[in-house]
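Asker: Mind looking over this structure? Questions follow.
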Amino acid sequence: MFTGKQFNIEHALNMYALSYVLMPAFGIYDKKMVEPFREGLKTCHIYVIGTLPKVDLVGARQEEQELITSYEVAGAPYELRWPLGADYRLIKDENHWVVVNDAGDRLVPNDEVTFARLSDEFGIYDFKVLYVGQAYGTNGSRNALDRLLKHETLQRISLKGIPKGQELSLLMLEIEPANRVFTVINPFAEDKTQGTARIASGVDKLFGTSEAERITLYEASLIRYFQPVFNTEFRDSFPSTNLKVLGDCYDKDFSAVIAEFSFDDIPFRLFSDAVQPAWNHIASFDLHEDASRQVFFFK
């Protein structure tokens, strides 16, 4: 794969989501619902509008030392089984099912664990990506919540109607604030004379790419990757030199960009009409059409 390539040094910019906040779309207008997430939301500049299946707990029962919980997910019935300790028993307390033991400890299945199991075991709890956007402002002064509170596309999606059994949801992402650059050293390249200069330019790229540029590139990468139905910009081409910030990134002469979405604890898989459901997503793109510059993705 390294033969016939132009330069012996090539760089790719790598970005990844560091943390996330998930809430139903109506929740952004509820100050009490937002308050526990307010600090984390300050650094969330990427937002994803989508749908999640509605999950309702409709019953529970105990069979020997096993708890069985019954759910209605998007109108269809499902059950999950949970092992119980020897002294635990199921009771109904004020219209809520809880598990207690002889010491008075009370347990209920964690929502995130429940949702993750529904997705993993039945493939039914997945987040469909409908729109990807960003909010940054001046030096990061705006965040995703600021933008979404007055977001015309969010309102349009809501007014258009959500499929029965689904809930309009918002996934807000913090992107790693530090730069990461991947470098390929190719001893078989045609031009080996510029290696020292291109290594130096890689260091310049590492420290010279701003947070605003990274946010824009991450947004563009997700849009190009998921091709959300409500996005038009970046959907069919990448990068776009119409926007100055992307033009500046192109001028930095990165060979490629890589945007990652991967969390160990996330309770759902992301998907779209163009991408199958998966726990982890890597949106990777060559920035140069010339095959002699494409060394990162084994083409």
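Each chain in the structure tokens gets a letter, A, B and so on, in the order shown; residues start at 1 in every chain, and ligands are counted from 1 in the order they appear.
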Segment 14-16 of chain A: which residues within 8 Å, counting only C-alpha atoms, same-chain residues fewer than 4 positions away excluded, as an NGL selection string?
Answerer: :A and (175-176 or 179-182 or 214 or 218 or 257-262)
Asker: Residues near segment 133-144 of chain A, anyone? I mean within 7 Å using only C-alpha atoms, not counting same-chain ones fewer than 3 positions away, as a ChimeraX atom specification.
Answerer: /A:41-48,147-148,172,212,219
Asker: Find, counting only C-alpha atoms, the residue in A:Phe127, A:Val58, A:Leu107, A:Pro77 that gets nearest to Asn95 of chain A.
Answerer: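 Between A:Phe127, A:Val58, A:Leu107, A:Pro77, the residue approaching Asn95 of chain A most closely is A:Val58.
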Asker: I need the residues of segment 22-256 of chain A that end up classed as strand (DSSP E or B) by DSSP on the backbone, written out as a ChimeraX atom specification.
Answerer: /A:22-24,46-53,55-63,66-73,76-83,89-93,96-100,106-107,126-134,166-175,180-185,191,256
Asker: With distances taken over only C-alpha atoms, which of A:Val229, A:Leu84, A:Val73, A:Leu149 is nearest to Tyr131 of chain A?
Answerer: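 Looking at the shortest contact to Tyr131 of chain A, the residue is A:Val229.
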Asker: If you run DSSP on the backbone, which residues of segment 42-266 of chain A are alpha helix (DSSP H), as number ranges by chain?
Answerer: A: 111-117, 144-148, 152-160, 195-208, 211-226, 244-251
Asker: Choose the residue, out of A:Tyr20, A:Tyr225, A:Tyr88, A:Trp82, that has the smallest atom-to-atom separation from Asn110 of chain A; count only C-alpha atoms.
Answerer: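 The answer is A:Trp82, which sits nearest to Asn110 of chain A.
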Asker: Can you measure atom CA of Leu170 of chain A to atom CA of Pro24 of chain A for me? One decimal in Å is fine.
Answerer: 6.0 Å
Asker: With a distance cut-off of 8 Å and only C-alpha atoms, select the neighbouring residues of segment 163-166 of chain A, excluding the residue or stretch itself and same-chain residues fewer than 2 positions from it, and output the selection as JSON, numbers by chain.
Answerer: {"A": [51, 52, 53, 54, 73, 74, 75, 161, 168]}
Asker: Given the selection you just returned, output its residues as a file containing C-alpha atoms, formatted as a compact mmCIF listing (two decimals), in the first residue's frame.
Answerer:
# COMPACT_ATOMS: atom_id res chain seq x y z
CA THR A 51 -35.22 9.35 17.89
CA LEU A 52 -35.14 6.61 20.51
CA PRO A 53 -37.81 3.97 21.15
CA LYS A 54 -40.16 4.66 24.05
CA VAL A 73 -40.68 -0.97 23.67
CA ALA A 74 -42.12 0.95 20.71
CA GLY A 75 -45.36 -0.94 21.32
CA GLY A 161 -44.20 14.25 13.59
CA LEU A 168 -37.51 12.82 19.87
Asker: Please, what distance in Å, to one decimal, runs between atom CA of Asp126 of chain A and atom CA of Arg81 of chain A?
Answerer: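 Separation between atom CA of Asp126 of chain A and atom CA of Arg81 of chain A: 20.3 Å.
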Asker: Expressed in Å to a single decimal, how great is the separation between atom CA of Tyr71 of chain A and atom CA of Glu167 of chain A?
Answerer: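 Interatomic distance here is 15.8 Å.
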Asker: As JSON, numbers by chain, please: the residues near Asp120 of chain A (cut-off 10 Å, only C-alpha atoms, same-chain neighbours under 6 positions excluded).
Answerer: {"A": [114, 126, 267, 268, 269, 278, 279]}
Asker: Excluding Lys92 of chain A and residues on its chain fewer than 2 positions from it, collect all residues at most 12 Å away from it, counting only C-alpha atoms, and give them as a VMD selection string.
Answerer: chain A and resid 59 to 62 89 to 90 94 to 100 106 108
Asker: Generate the output file for the selected residues, C-alpha atoms, as a CSV table (one decimal), in the first residue's frame.
Answerer:
chain,number,residue,atom,x,y,z
A,59,GLY,CA,-44.6,-5.5,35.0
A,60,ALA,CA,-42.3,-7.6,37.1
A,61,ARG,CA,-42.3,-11.0,38.7
A,62,GLN,CA,-39.9,-13.2,40.6
A,89,ARG,CA,-37.5,-10.6,47.1
A,90,LEU,CA,-39.7,-8.5,44.8
A,94,GLU,CA,-46.6,2.7,46.1
A,95,ASN,CA,-47.2,1.4,42.6
A,96,HIS,CA,-43.5,0.8,42.0
A,97,TRP,CA,-41.8,-2.5,41.7
A,98,VAL,CA,-38.7,-2.8,43.9
A,99,VAL,CA,-36.4,-5.5,45.1
A,100,VAL,CA,-35.6,-5.6,48.9
A,106,ARG,CA,-33.8,-1.6,48.0
A,108,VAL,CA,-34.2,-1.4,41.0
Asker: Would you please work out which residue, of A:Leu287, A:Leu57, A:Ile9, A:Ile157, is nearest to Val129 of chain A when using only C-alpha atoms?
Answerer: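 Distance minimum relative to Val129 of chain A lands on A:Ile157.
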Asker: So, with only C-alpha atoms as the atoms that count, which of A:Ile49, A:Gly85, A:Ser221, A:Arg117 lies closest to Thr153 of chain A?
Answerer: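 Ranked by minimum distance to Thr153 of chain A, first place goes to A:Ile49.
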